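Read through the structure below, which is laid out as structure tokens, and then see the notes.
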Amino acid sequence: MSEAGDTAWKAIDIIPYGAILHVPADWEALPPVPANGPEILRATGGPGRNLIVFKVPARGLTAAGVADKAQERLEAHGYDDFSRTRVRFGGHPGVALDFVNRRTGEGAVLHRTREYFAVRGNAAFVLGMGSTTWEEHLPLIEEIADRFELPG
């Protein structure tokens, strides 16, 4: 994998929402998985390099409020070790929510995930990416999030 700073990029238009996801040129867009609910796009750069974009109703909440609701659902599914940071995401005030999935059983693996939240109108957009090799993948995760465009 290239370092984030020297990666060639390509844009993926997220139609009809007007959002643009920029990913490394060797990544590919995949169709959403209906079982994942409000997923509108997924992309991959190969094993261990995946992301998901969700669009959910904001219901009058700020990005922090939407992140609160997401954290409640994630906690109910066994995720933990939550932390959050205020960020700009998609050109809007946003929140980055980090959490851990402690996969149990033989060969247990610690999987860290970051979800970025921003609200545009009545919709919240969420970009989620995670890794079992967090330190290695975090610079790329941050650069993908920095390049996400959410007009309006």
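Residue names in the structure tokens use chain letters A, B, ... in the order shown, residue numbers from 1 in each chain, and ligand numbers from 1 in the order shown.
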
Handout entry: For Ala96 (chain A): contacts at 12 Å, only C-alpha atoms, fewer than 6 positions along chain excluded, given as JSON, numbers by chain
Key = {"A": [63, 64, 66, 67, 68, 70, 71, 82, 83, 84, 85, 86, 87, 88, 89, 90, 113, 114, 115, 116, 117, 118, 125, 126, 127, 128, 129, 141, 142, 145, 146]}

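Residue nearest Pro57 (chain A) within the list A:Pro32, A:Gly18, A:Gly121, A:Gly130: A:Gly121 [criterion: smallest interatomic distance, only C-alpha atoms].
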
Practice task
Considering only C-alpha atoms, state which residue in the set A:Glu135, A:Pro151, A:Ala29, A:Ala123 is at the smallest distance from Ala58 (chain A).
Solution key: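 Residue with the minimum atom-to-atom distance to Ala58 (chain A): A:Ala123.
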
Practice task
Enumerate as a count of residues only all residues of chain A assigned to strand (DSSP E or B) by DSSP on the backbone, naming them with the chain letters and numbers the document uses.
Solution key: 71

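Residue nearest Thr7 (chain A) within the list A:Ala19, A:Pro24, A:Leu61, A:Ile40: A:Pro24 [criterion: smallest interatomic distance, only C-alpha atoms].
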
Completion exercise
Between CA of His77 (chain A) and CA of Val119 (chain A) lies a distance of 24.2 Å

Problem - Straight-line distance linking CA of Pro93 (chain A) with CA of Asn36 (chain A), stated in Å to one decimal - result: 25.4 Å

Handout entry: Selected residue of minimal separation from Thr133 (chain A) among A:Lys55, A:Arg120, A:His111, A:Lys69, counting only C-alpha atoms
Key = A:His111

Practice task
Determine, counting only C-alpha atoms, which protein, DNA and RNA residues have an atom within 10 Å of an atom of Gly45 (chain A); residues of the same chain fewer than 2 positions away are not included. Present the result as a ChimeraX atom specification.
Solution key: /A:1,23-29,43,47-51

Practice task
Give the helix (DSSP H, G or I) residues of chain A, as assigned by DSSP on the backbone, as a count of residues only.
Solution key: 34

Exercise for the section: Name all residues at most 12 Å from Asp81 (chain A) (count only C-alpha atoms; drop same-chain ones fewer than 5 positions away) and give them as a PyMOL selection string. Expected result: chain A and resi 71+74-75+97-102+110-114

Handout entry: One-decimal distance in Å that lies between CA of Thr62 (chain A) and CA of Ala11 (chain A)
Key = 26.9 Å
